[in-house]
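Have a look at my_file02.pdb below; it lists PDB, C-alpha atoms.
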```
ATOM      1  CA  MET A 464      53.427 -28.513  25.155  1.00  0.00           C
ATOM      2  CA  ARG A 465      56.672 -27.878  26.963  1.00  0.00           C
ATOM      3  CA  ARG A 466      57.956 -30.609  29.246  1.00  0.00           C
ATOM      4  CA  ALA A 467      59.909 -29.874  32.374  1.00  0.00           C
ATOM      5  CA  ARG A 468      63.548 -30.825  32.274  1.00  0.00           C
ATOM      6  CA  LEU A 469      64.006 -32.614  35.553  1.00  0.00           C
ATOM      7  CA  GLY A 470      66.835 -34.948  34.632  1.00  0.00           C
ATOM      8  CA  THR A 471      66.575 -38.479  35.914  1.00  0.00           C
ATOM      9  CA  PRO A 472      63.418 -39.621  37.714  1.00  0.00           C
ATOM     10  CA  SER A 473      65.342 -39.973  40.989  1.00  0.00           C
ATOM     11  CA  ARG A 474      66.513 -36.326  40.745  1.00  0.00           C
ATOM     12  CA  ALA A 475      62.943 -35.255  40.043  1.00  0.00           C
ATOM     13  CA  CYS A 476      61.714 -37.190  43.068  1.00  0.00           C
ATOM     14  CA  ALA A 477      64.341 -35.541  45.251  1.00  0.00           C
ATOM     15  CA  ARG A 478      63.281 -32.124  43.931  1.00  0.00           C
ATOM     16  CA  GLY A 479      59.667 -33.020  44.614  1.00  0.00           C
ATOM     17  CA  SER A 480      60.110 -33.557  48.321  1.00  0.00           C
ATOM     18  CA  PRO A 481      57.548 -31.804  50.522  1.00  0.00           C
ATOM     19  CA  GLY A 482      58.208 -28.106  50.772  1.00  0.00           C
ATOM     20  CA  ARG A 483      59.984 -28.036  47.409  1.00  0.00           C
ATOM     21  CA  LEU A 484      56.921 -28.111  45.202  1.00  0.00           C
ATOM     22  CA  GLY A 485      56.477 -24.362  44.962  1.00  0.00           C
ATOM     23  CA  THR A 486      53.723 -22.055  46.055  1.00  0.00           C
ATOM     24  CA  LEU A 487      50.250 -23.355  46.759  1.00  0.00           C
ATOM     25  CA  ARG A 488      49.084 -22.121  43.353  1.00  0.00           C
ATOM     26  CA  ASP A 489      51.939 -23.949  41.600  1.00  0.00           C
ATOM     27  CA  ARG A 490      51.617 -27.091  43.699  1.00  0.00           C
ATOM     28  CA  PRO A 491      49.535 -29.049  41.128  1.00  0.00           C
ATOM     29  CA  TYR A 492      52.332 -28.650  38.574  1.00  0.00           C
ATOM     30  CA  GLY A 493      54.981 -29.891  41.012  1.00  0.00           C
ATOM     31  CA  LEU A 494      52.797 -32.805  42.044  1.00  0.00           C
ATOM     32  CA  ALA A 495      52.175 -33.729  38.400  1.00  0.00           C
ATOM     33  CA  ARG A 496      55.910 -33.810  37.706  1.00  0.00           C
ATOM     34  CA  LEU A 497      56.537 -35.838  40.868  1.00  0.00           C
ATOM     35  CA  SER A 498      53.833 -38.345  39.924  1.00  0.00           C
ATOM     36  CA  GLU A 499      55.294 -38.646  36.423  1.00  0.00           C
ATOM     37  CA  ALA A 500      58.805 -39.233  37.785  1.00  0.00           C
ATOM     38  CA  LEU A 501      57.590 -41.905  40.206  1.00  0.00           C
ATOM     39  CA  ALA A 502      55.636 -43.644  37.437  1.00  0.00           C
ATOM     40  CA  GLN A 503      58.805 -43.664  35.312  1.00  0.00           C
ATOM     41  CA  GLN A 504      60.509 -45.438  38.202  1.00  0.00           C
ATOM     42  CA  VAL A 505      57.642 -47.980  38.113  1.00  0.00           C
ATOM     43  CA  ASP A 506      56.565 -47.024  41.629  1.00  0.00           C
ATOM     44  CA  HIS A 507      52.886 -46.768  40.781  1.00  0.00           C
ATOM     45  CA  GLU A 508      51.613 -46.798  44.362  1.00  0.00           C
ATOM     46  CA  ALA A 509      53.838 -43.816  45.154  1.00  0.00           C
ATOM     47  CA  ALA A 510      52.892 -42.118  41.852  1.00  0.00           C
ATOM     48  CA  LEU A 511      49.197 -42.295  42.691  1.00  0.00           C
ATOM     49  CA  ALA A 512      49.494 -40.170  45.847  1.00  0.00           C
ATOM     50  CA  PRO A 513      50.867 -36.958  44.283  1.00  0.00           C
ATOM     51  CA  ALA A 514      48.449 -37.236  41.341  1.00  0.00           C
ATOM     52  CA  ARG A 515      45.517 -37.378  43.741  1.00  0.00           C
ATOM     53  CA  GLU A 516      47.000 -34.682  45.958  1.00  0.00           C
ATOM     54  CA  GLY A 517      47.333 -32.450  42.907  1.00  0.00           C
ATOM     55  CA  LEU A 518      43.680 -33.052  42.051  1.00  0.00           C
ATOM     56  CA  GLU A 519      42.748 -32.063  45.608  1.00  0.00           C
ATOM     57  CA  ALA A 520      44.991 -28.975  45.463  1.00  0.00           C
ATOM     58  CA  ARG A 521      43.159 -27.709  42.388  1.00  0.00           C
ATOM     59  CA  GLU A 522      40.054 -27.396  44.575  1.00  0.00           C
ATOM     60  CA  GLU A 523      41.957 -25.290  47.104  1.00  0.00           C
ATOM     61  CA  THR A 524      43.711 -23.098  44.569  1.00  0.00           C
ATOM     62  CA  GLY A 525      41.228 -22.937  41.729  1.00  0.00           C
ATOM     63  CA  ASN A 526      44.164 -23.700  39.420  1.00  0.00           C
ATOM     64  CA  ARG A 527      42.674 -26.211  36.994  1.00  0.00           C
ATOM     65  CA  GLN A 528      45.399 -25.897  34.374  1.00  0.00           C
ATOM     66  CA  TRP A 529      47.018 -29.212  35.344  1.00  0.00           C
ATOM     67  CA  GLU A 530      43.776 -31.117  35.960  1.00  0.00           C
ATOM     68  CA  PRO A 531      43.779 -33.160  32.715  1.00  0.00           C
ATOM     69  CA  GLU A 532      47.431 -34.119  33.186  1.00  0.00           C
ATOM     70  CA  LEU A 533      46.875 -35.065  36.835  1.00  0.00           C
ATOM     71  CA  GLN A 534      43.858 -37.184  35.796  1.00  0.00           C
ATOM     72  CA  ARG A 535      46.010 -38.876  33.152  1.00  0.00           C
ATOM     73  CA  LEU A 536      48.802 -39.550  35.643  1.00  0.00           C
ATOM     74  CA  GLU A 537      46.276 -40.979  38.085  1.00  0.00           C
ATOM     75  CA  GLY A 538      45.117 -43.296  35.292  1.00  0.00           C
ATOM     76  CA  ILE A 539      48.671 -44.382  34.514  1.00  0.00           C
ATOM     77  CA  ALA A 540      49.340 -45.124  38.189  1.00  0.00           C
ATOM     78  CA  LEU A 541      46.100 -47.113  38.458  1.00  0.00           C
ATOM     79  CA  LEU A 542      47.020 -49.016  35.303  1.00  0.00           C
ATOM     80  CA  GLY A 543      50.388 -49.874  36.850  1.00  0.00           C
ATOM     81  CA  LEU A 544      48.516 -51.186  39.895  1.00  0.00           C
ATOM     82  CA  ASN A 545      46.403 -53.370  37.556  1.00  0.00           C
ATOM     83  CA  ARG A 546      43.230 -51.474  38.455  1.00  0.00           C
ATOM     84  CA  LEU A 547      42.157 -51.425  34.821  1.00  0.00           C
ATOM     85  CA  GLU A 548      38.565 -50.196  35.163  1.00  0.00           C
ATOM     86  CA  ASP A 549      39.628 -47.345  37.452  1.00  0.00           C
ATOM     87  CA  ALA A 550      42.481 -46.506  35.081  1.00  0.00           C
ATOM     88  CA  GLU A 551      40.138 -46.391  32.102  1.00  0.00           C
ATOM     89  CA  ARG A 552      37.717 -44.106  33.984  1.00  0.00           C
ATOM     90  CA  ALA A 553      40.539 -41.741  35.011  1.00  0.00           C
ATOM     91  CA  LEU A 554      41.855 -41.567  31.441  1.00  0.00           C
ATOM     92  CA  GLN A 555      38.377 -40.916  30.054  1.00  0.00           C
ATOM     93  CA  GLU A 556      37.970 -38.146  32.633  1.00  0.00           C
ATOM     94  CA  ALA A 557      41.334 -36.680  31.612  1.00  0.00           C
ATOM     95  CA  MET A 558      40.124 -36.558  28.010  1.00  0.00           C
ATOM     96  CA  ARG A 559      36.797 -35.008  29.032  1.00  0.00           C
ATOM     97  CA  VAL A 560      38.447 -32.289  31.137  1.00  0.00           C
ATOM     98  CA  ALA A 561      41.020 -31.520  28.435  1.00  0.00           C
ATOM     99  CA  ARG A 562      38.256 -31.255  25.844  1.00  0.00           C
ATOM    100  CA  THR A 563      36.261 -28.931  28.119  1.00  0.00           C
ATOM    101  CA  GLN A 564      39.355 -26.765  28.612  1.00  0.00           C
ATOM    102  CA  GLN A 565      40.121 -26.943  24.877  1.00  0.00           C
ATOM    103  CA  ALA A 566      43.569 -28.191  25.870  1.00  0.00           C
ATOM    104  CA  LYS A 567      44.340 -30.256  22.773  1.00  0.00           C
ATOM    105  CA  ALA A 568      47.871 -31.229  23.826  1.00  0.00           C
ATOM    106  CA  TYR A 569      46.565 -32.700  27.088  1.00  0.00           C
ATOM    107  CA  GLU A 570      43.680 -34.334  25.250  1.00  0.00           C
ATOM    108  CA  LEU A 571      46.182 -35.980  22.907  1.00  0.00           C
ATOM    109  CA  ARG A 572      48.282 -37.282  25.798  1.00  0.00           C
ATOM    110  CA  ALA A 573      45.190 -38.667  27.549  1.00  0.00           C
ATOM    111  CA  ALA A 574      43.931 -40.208  24.289  1.00  0.00           C
ATOM    112  CA  MET A 575      47.290 -41.903  23.723  1.00  0.00           C
ATOM    113  CA  SER A 576      47.301 -43.324  27.257  1.00  0.00           C
ATOM    114  CA  LEU A 577      43.717 -44.570  26.897  1.00  0.00           C
ATOM    115  CA  ALA A 578      44.385 -45.977  23.408  1.00  0.00           C
ATOM    116  CA  ARG A 579      47.412 -47.858  24.754  1.00  0.00           C
ATOM    117  CA  LEU A 580      45.291 -49.372  27.530  1.00  0.00           C
ATOM    118  CA  LEU A 581      42.523 -50.368  25.119  1.00  0.00           C
ATOM    119  CA  GLY A 582      45.005 -51.772  22.617  1.00  0.00           C
ATOM    120  CA  GLU A 583      46.638 -53.910  25.284  1.00  0.00           C
ATOM    121  CA  GLN A 584      43.187 -55.303  26.099  1.00  0.00           C
ATOM    122  CA  GLY A 585      42.676 -56.305  22.469  1.00  0.00           C
ATOM    123  CA  ARG A 586      40.212 -53.464  21.876  1.00  0.00           C
ATOM    124  CA  ARG A 587      42.221 -52.104  18.948  1.00  0.00           C
ATOM    125  CA  THR A 588      39.310 -50.659  16.967  1.00  0.00           C
ATOM    126  CA  GLU A 589      38.057 -48.792  20.023  1.00  0.00           C
ATOM    127  CA  ALA A 590      41.600 -47.599  20.743  1.00  0.00           C
ATOM    128  CA  ARG A 591      41.936 -46.215  17.244  1.00  0.00           C
ATOM    129  CA  GLU A 592      38.522 -44.541  17.485  1.00  0.00           C
ATOM    130  CA  VAL A 593      39.685 -42.783  20.662  1.00  0.00           C
ATOM    131  CA  LEU A 594      43.010 -41.576  19.291  1.00  0.00           C
ATOM    132  CA  ALA A 595      42.389 -40.872  15.578  1.00  0.00           C
ATOM    133  CA  PRO A 596      40.034 -37.886  15.926  1.00  0.00           C
ATOM    134  CA  VAL A 597      42.238 -36.177  18.504  1.00  0.00           C
ATOM    135  CA  TYR A 598      45.375 -36.729  16.455  1.00  0.00           C
ATOM    136  CA  GLY A 599      43.524 -35.628  13.327  1.00  0.00           C
ATOM    137  CA  TRP A 600      42.699 -32.262  14.884  1.00  0.00           C
ATOM    138  CA  PHE A 601      46.334 -31.148  14.671  1.00  0.00           C
ATOM    139  CA  THR A 602      47.479 -29.346  11.532  1.00  0.00           C
ATOM    140  CA  GLU A 603      51.031 -28.536  12.594  1.00  0.00           C
ATOM    141  CA  GLY A 604      53.662 -29.523  15.118  1.00  0.00           C
ATOM    142  CA  PHE A 605      54.139 -33.017  13.738  1.00  0.00           C
ATOM    143  CA  ASP A 606      57.796 -32.912  14.720  1.00  0.00           C
ATOM    144  CA  THR A 607      56.901 -32.742  18.442  1.00  0.00           C
ATOM    145  CA  ALA A 608      57.401 -35.796  20.634  1.00  0.00           C
ATOM    146  CA  ASP A 609      53.712 -36.219  21.481  1.00  0.00           C
ATOM    147  CA  LEU A 610      52.536 -36.082  17.864  1.00  0.00           C
ATOM    148  CA  LYS A 611      55.304 -38.431  16.728  1.00  0.00           C
ATOM    149  CA  GLU A 612      54.265 -40.845  19.470  1.00  0.00           C
ATOM    150  CA  GLY A 613      50.592 -40.460  18.518  1.00  0.00           C
ATOM    151  CA  LYS A 614      51.332 -41.267  14.874  1.00  0.00           C
ATOM    152  CA  LYS A 615      53.393 -44.298  15.847  1.00  0.00           C
ATOM    153  CA  LEU A 616      50.623 -45.578  18.113  1.00  0.00           C
ATOM    154  CA  LEU A 617      47.984 -45.076  15.409  1.00  0.00           C
ATOM    155  CA  ASP A 618      50.160 -47.032  12.970  1.00  0.00           C
ATOM    156  CA  GLU A 619      50.522 -49.859  15.520  1.00  0.00           C
ATOM    157  CA  LEU A 620      46.741 -49.975  15.995  1.00  0.00           C
ATOM    158  CA  THR A 621      46.065 -50.308  12.269  1.00  0.00           C
TER     159      THR A 621
END
```
Representation of the structure as structure tokens:
Amino acid sequence: MRRARLGTPSRACARGSPGRLGTLRDRPYGLARLSEALAQQVDHEAALAPAREGLEAREETGNRQWEPELQRLEGIALLGLNRLEDAERALQEAMRVARTQQAKAYELRAAMSLARLLGEQGRRTEAREVLAPVYGWFTEGFDTADLKEGKKLLDELT
């Protein structure tokens, strides 16, 4: 999966100002990147709004490509707000949607986020059971950032 090169989170936030998020069809992508940048700045309340707006925009546009990533970002924002049950539900939904779309890269990212949450709650076995099968699906690309991170997280959960 290719990641956008936005520079620093503050530059990404500036680029993500209203009216600069592209066409209506592309809006979910811009909102996902804005939510990610705000989460990196540890502004979880602000990160939640564009994630949810992106999920609403998918209904208007029919563009569901970014749905699993927006669900994951919603989960990360909720986690940052200490709304753990809501975060877990959002991350599970991100995994479900990614699986339905057969979007393995998004499923891996959602599984890593959920596994991190479960691991931090002391549910290490459950965390590993979430992540291992998704990671195990991949047969190539092990030099990519997401797969390197997945391997590292699996090792930490062992």
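Comparing A:Gln565, A:Glu532, A:Leu581, A:Ala573 by their smallest distance to Leu547 (chain A), the closest is A:Leu581 (using only C-alpha atoms).
Atom pair CA of Val597 (chain A) / CA of Gly525 (chain A): separated by 26.8 Å.
Restricting the calculation to all atoms listed in the file, the smallest distance between Asn526 (chain A) and any of A:Arg562, A:Pro491, A:Arg572, A:Tyr598 is found for A:Pro491.
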Starting from the point (42.9, -32.1, 40.9), work out which residues of protein, DNA or RNA have an atom no more than 9 Å away when counting all atoms listed in the file; state them as an MDAnalysis selection string. chainID A and resid 491 514:522 526:527 529:531 533:534
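Interatomic distance, CA of Ala553 (chain A) to CA of Glu537 (chain A): 6.6 Å.
Each of A:Arg559, A:Glu523, A:Leu594, A:Ile539 was compared to Lys614 (chain A) using all atoms listed in the file, and A:Leu594 turns out to be the nearest.
Matched in the shown structure by the PyMOL selection byres ((chain A and resi 613) around 8): Leu571, Met575, Leu594, Tyr598, Asp609, Leu610, Lys611, Glu612, Lys614, Lys615, Leu616 and Leu617 of chain A.
Across the model, the gap from CA of Asp506 (chain A) to CA of Ala557 (chain A) is 21.0 Å.
Nearest to Gln564 (chain A) of all the residues A:Gln528, A:Asp489, A:Ala578, A:Ala550 is A:Gln528, based on all atoms listed in the file.
Of the residues listed (A:Ala540, A:Leu501, A:Leu620, A:Phe601), A:Leu620 shows the shortest atom-to-atom separation from Arg579 (chain A); distances use only C-alpha atoms.
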The PyMOL selection byres ((chain A and resi 494) around 8) applied to the shown file, residues as a short mmCIF file (atom, residue, chain, number, x, y, z; two decimals) with C-alpha atoms, in the frame of the given file:
```cif
data_model
loop_
_atom_site.label_atom_id
_atom_site.label_comp_id
_atom_site.auth_asym_id
_atom_site.auth_seq_id
_atom_site.Cartn_x
_atom_site.Cartn_y
_atom_site.Cartn_z
CA GLY A 479 59.67 -33.02 44.61
CA LEU A 484 56.92 -28.11 45.20
CA ARG A 490 51.62 -27.09 43.70
CA PRO A 491 49.54 -29.05 41.13
CA TYR A 492 52.33 -28.65 38.57
CA GLY A 493 54.98 -29.89 41.01
CA ALA A 495 52.18 -33.73 38.40
CA ARG A 496 55.91 -33.81 37.71
CA LEU A 497 56.54 -35.84 40.87
CA SER A 498 53.83 -38.34 39.92
CA PRO A 513 50.87 -36.96 44.28
CA ALA A 514 48.45 -37.24 41.34
CA GLU A 516 47.00 -34.68 45.96
CA GLY A 517 47.33 -32.45 42.91
#
```
Using all atoms of region 535-538 of chain A that appear in the file, construct an axis-aligned enclosing box with 5 Å of padding on every side and provide its centre coordinates and edge lengths in Å, rounded to one decimal, as AutoDock Vina command-line options.
```
--center_x 47.0 --center_y -41.1 --center_z 35.6 --size_x 13.7 --size_y 14.4 --size_z 14.9
```
Ranking A:Arg535, A:Gly585, A:Gln503, A:Thr621 by minimum distance to Val560 (chain A) and counting only C-alpha atoms, which one comes first? A:Arg535
Got a sec to check which residues sit within 10 Å of (54.6, -48.2, 37.9), counting only C-alpha atoms, and write them as a PyMOL selection string? chain A and resi 499-511+539-545
Can I get the selection written as a PDB file, keeping the file's coordinate frame, with C-alpha atoms?
```
ATOM      1  CA  GLU A 499      55.294 -38.646  36.423  1.00  0.00           C
ATOM      2  CA  ALA A 500      58.805 -39.233  37.785  1.00  0.00           C
ATOM      3  CA  LEU A 501      57.590 -41.905  40.206  1.00  0.00           C
ATOM      4  CA  ALA A 502      55.636 -43.644  37.437  1.00  0.00           C
ATOM      5  CA  GLN A 503      58.805 -43.664  35.312  1.00  0.00           C
ATOM      6  CA  GLN A 504      60.509 -45.438  38.202  1.00  0.00           C
ATOM      7  CA  VAL A 505      57.642 -47.980  38.113  1.00  0.00           C
ATOM      8  CA  ASP A 506      56.565 -47.024  41.629  1.00  0.00           C
ATOM      9  CA  HIS A 507      52.886 -46.768  40.781  1.00  0.00           C
ATOM     10  CA  GLU A 508      51.613 -46.798  44.362  1.00  0.00           C
ATOM     11  CA  ALA A 509      53.838 -43.816  45.154  1.00  0.00           C
ATOM     12  CA  ALA A 510      52.892 -42.118  41.852  1.00  0.00           C
ATOM     13  CA  LEU A 511      49.197 -42.295  42.691  1.00  0.00           C
ATOM     14  CA  ILE A 539      48.671 -44.382  34.514  1.00  0.00           C
ATOM     15  CA  ALA A 540      49.340 -45.124  38.189  1.00  0.00           C
ATOM     16  CA  LEU A 541      46.100 -47.113  38.458  1.00  0.00           C
ATOM     17  CA  LEU A 542      47.020 -49.016  35.303  1.00  0.00           C
ATOM     18  CA  GLY A 543      50.388 -49.874  36.850  1.00  0.00           C
ATOM     19  CA  LEU A 544      48.516 -51.186  39.895  1.00  0.00           C
ATOM     20  CA  ASN A 545      46.403 -53.370  37.556  1.00  0.00           C
TER      21      ASN A 545
END
```
Region 577-588 of chain A dumped to file, all heavy atoms, as a PDB file, in the first residue's frame:
```pdb
ATOM      1  N   LEU A 577      -5.740  -3.272  16.234  1.00  0.00           N
ATOM      2  CA  LEU A 577      -6.543  -4.022  17.210  1.00  0.00           C
ATOM      3  C   LEU A 577      -5.635  -4.861  18.110  1.00  0.00           C
ATOM      4  O   LEU A 577      -5.833  -4.910  19.328  1.00  0.00           O
ATOM      5  CB  LEU A 577      -7.563  -4.902  16.491  1.00  0.00           C
ATOM      6  CG  LEU A 577      -8.479  -5.733  17.387  1.00  0.00           C
ATOM      7  CD1 LEU A 577      -9.237  -4.859  18.393  1.00  0.00           C
ATOM      8  CD2 LEU A 577      -9.450  -6.537  16.528  1.00  0.00           C
ATOM      9  N   ALA A 578      -4.629  -5.499  17.541  1.00  0.00           N
ATOM     10  CA  ALA A 578      -3.703  -6.315  18.336  1.00  0.00           C
ATOM     11  C   ALA A 578      -2.962  -5.457  19.357  1.00  0.00           C
ATOM     12  O   ALA A 578      -2.749  -5.879  20.494  1.00  0.00           O
ATOM     13  CB  ALA A 578      -2.715  -7.039  17.427  1.00  0.00           C
ATOM     14  N   ARG A 579      -2.590  -4.248  18.957  1.00  0.00           N
ATOM     15  CA  ARG A 579      -1.919  -3.331  19.895  1.00  0.00           C
ATOM     16  C   ARG A 579      -2.839  -3.007  21.068  1.00  0.00           C
ATOM     17  O   ARG A 579      -2.429  -3.042  22.229  1.00  0.00           O
ATOM     18  CB  ARG A 579      -1.518  -2.038  19.172  1.00  0.00           C
ATOM     19  CG  ARG A 579      -0.045  -1.808  19.171  1.00  0.00           C
ATOM     20  CD  ARG A 579       0.337  -0.507  18.487  1.00  0.00           C
ATOM     21  NE  ARG A 579       1.008  -0.836  17.246  1.00  0.00           N
ATOM     22  CZ  ARG A 579       0.502  -0.731  16.035  1.00  0.00           C
ATOM     23  NH1 ARG A 579      -0.690  -0.246  15.844  1.00  0.00           N
ATOM     24  NH2 ARG A 579       1.202  -1.085  14.988  1.00  0.00           N
ATOM     25  N   LEU A 580      -4.094  -2.699  20.765  1.00  0.00           N
ATOM     26  CA  LEU A 580      -5.076  -2.389  21.805  1.00  0.00           C
ATOM     27  C   LEU A 580      -5.248  -3.579  22.744  1.00  0.00           C
ATOM     28  O   LEU A 580      -5.184  -3.428  23.971  1.00  0.00           O
ATOM     29  CB  LEU A 580      -6.415  -2.009  21.174  1.00  0.00           C
ATOM     30  CG  LEU A 580      -7.628  -1.931  22.108  1.00  0.00           C
ATOM     31  CD1 LEU A 580      -7.441  -0.859  23.169  1.00  0.00           C
ATOM     32  CD2 LEU A 580      -8.890  -1.675  21.310  1.00  0.00           C
ATOM     33  N   LEU A 581      -5.432  -4.754  22.183  1.00  0.00           N
ATOM     34  CA  LEU A 581      -5.628  -5.954  23.009  1.00  0.00           C
ATOM     35  C   LEU A 581      -4.390  -6.258  23.838  1.00  0.00           C
ATOM     36  O   LEU A 581      -4.494  -6.610  25.019  1.00  0.00           O
ATOM     37  CB  LEU A 581      -5.982  -7.151  22.118  1.00  0.00           C
ATOM     38  CG  LEU A 581      -7.300  -7.037  21.351  1.00  0.00           C
ATOM     39  CD1 LEU A 581      -7.427  -8.174  20.344  1.00  0.00           C
ATOM     40  CD2 LEU A 581      -8.491  -6.986  22.287  1.00  0.00           C
ATOM     41  N   GLY A 582      -3.228  -6.116  23.237  1.00  0.00           N
ATOM     42  CA  GLY A 582      -1.978  -6.357  23.959  1.00  0.00           C
ATOM     43  C   GLY A 582      -1.809  -5.419  25.132  1.00  0.00           C
ATOM     44  O   GLY A 582      -1.371  -5.823  26.210  1.00  0.00           O
ATOM     45  N   GLU A 583      -2.172  -4.155  24.927  1.00  0.00           N
ATOM     46  CA  GLU A 583      -2.058  -3.176  26.015  1.00  0.00           C
ATOM     47  C   GLU A 583      -3.035  -3.467  27.149  1.00  0.00           C
ATOM     48  O   GLU A 583      -2.820  -3.041  28.273  1.00  0.00           O
ATOM     49  CB  GLU A 583      -2.296  -1.764  25.465  1.00  0.00           C
ATOM     50  CG  GLU A 583      -1.155  -1.274  24.595  1.00  0.00           C
ATOM     51  CD  GLU A 583      -1.476   0.011  23.856  1.00  0.00           C
ATOM     52  OE1 GLU A 583      -2.568   0.595  24.072  1.00  0.00           O
ATOM     53  OE2 GLU A 583      -0.633   0.440  23.045  1.00  0.00           O
ATOM     54  N   GLN A 584      -4.091  -4.213  26.843  1.00  0.00           N
ATOM     55  CA  GLN A 584      -5.067  -4.601  27.868  1.00  0.00           C
ATOM     56  C   GLN A 584      -4.696  -5.929  28.518  1.00  0.00           C
ATOM     57  O   GLN A 584      -5.465  -6.458  29.308  1.00  0.00           O
ATOM     58  CB  GLN A 584      -6.463  -4.713  27.252  1.00  0.00           C
ATOM     59  CG  GLN A 584      -7.027  -3.398  26.774  1.00  0.00           C
ATOM     60  CD  GLN A 584      -8.374  -3.568  26.100  1.00  0.00           C
ATOM     61  OE1 GLN A 584      -8.712  -4.618  25.579  1.00  0.00           O
ATOM     62  NE2 GLN A 584      -9.157  -2.502  26.122  1.00  0.00           N
ATOM     63  N   GLY A 585      -3.540  -6.468  28.169  1.00  0.00           N
ATOM     64  CA  GLY A 585      -3.112  -7.744  28.733  1.00  0.00           C
ATOM     65  C   GLY A 585      -3.737  -8.940  28.055  1.00  0.00           C
ATOM     66  O   GLY A 585      -3.616 -10.066  28.537  1.00  0.00           O
ATOM     67  N   ARG A 586      -4.377  -8.752  26.941  1.00  0.00           N
ATOM     68  CA  ARG A 586      -5.041  -9.823  26.193  1.00  0.00           C
ATOM     69  C   ARG A 586      -4.115 -10.264  25.048  1.00  0.00           C
ATOM     70  O   ARG A 586      -4.490 -10.246  23.898  1.00  0.00           O
ATOM     71  CB  ARG A 586      -6.391  -9.312  25.686  1.00  0.00           C
ATOM     72  CG  ARG A 586      -7.320  -8.921  26.814  1.00  0.00           C
ATOM     73  CD  ARG A 586      -8.439  -7.978  26.409  1.00  0.00           C
ATOM     74  NE  ARG A 586      -9.327  -8.510  25.388  1.00  0.00           N
ATOM     75  CZ  ARG A 586     -10.260  -7.760  24.784  1.00  0.00           C
ATOM     76  NH1 ARG A 586     -10.417  -6.481  25.095  1.00  0.00           N
ATOM     77  NH2 ARG A 586     -11.019  -8.298  23.859  1.00  0.00           N
ATOM     78  N   ARG A 587      -2.913 -10.657  25.414  1.00  0.00           N
ATOM     79  CA  ARG A 587      -1.860 -10.948  24.440  1.00  0.00           C
ATOM     80  C   ARG A 587      -2.188 -12.136  23.539  1.00  0.00           C
ATOM     81  O   ARG A 587      -1.914 -12.101  22.343  1.00  0.00           O
ATOM     82  CB  ARG A 587      -0.534 -11.167  25.157  1.00  0.00           C
ATOM     83  CG  ARG A 587      -0.053  -9.916  25.906  1.00  0.00           C
ATOM     84  CD  ARG A 587       1.165 -10.189  26.764  1.00  0.00           C
ATOM     85  NE  ARG A 587       2.356 -10.484  26.013  1.00  0.00           N
ATOM     86  CZ  ARG A 587       3.135  -9.574  25.430  1.00  0.00           C
ATOM     87  NH1 ARG A 587       2.835  -8.302  25.531  1.00  0.00           N
ATOM     88  NH2 ARG A 587       4.211  -9.927  24.770  1.00  0.00           N
ATOM     89  N   THR A 588      -2.756 -13.181  24.077  1.00  0.00           N
ATOM     90  CA  THR A 588      -3.106 -14.347  23.266  1.00  0.00           C
ATOM     91  C   THR A 588      -4.144 -13.963  22.223  1.00  0.00           C
ATOM     92  O   THR A 588      -4.016 -14.311  21.038  1.00  0.00           O
ATOM     93  CB  THR A 588      -3.635 -15.493  24.156  1.00  0.00           C
ATOM     94  OG1 THR A 588      -2.627 -15.835  25.104  1.00  0.00           O
ATOM     95  CG2 THR A 588      -4.021 -16.707  23.338  1.00  0.00           C
TER      96      THR A 588
END
```
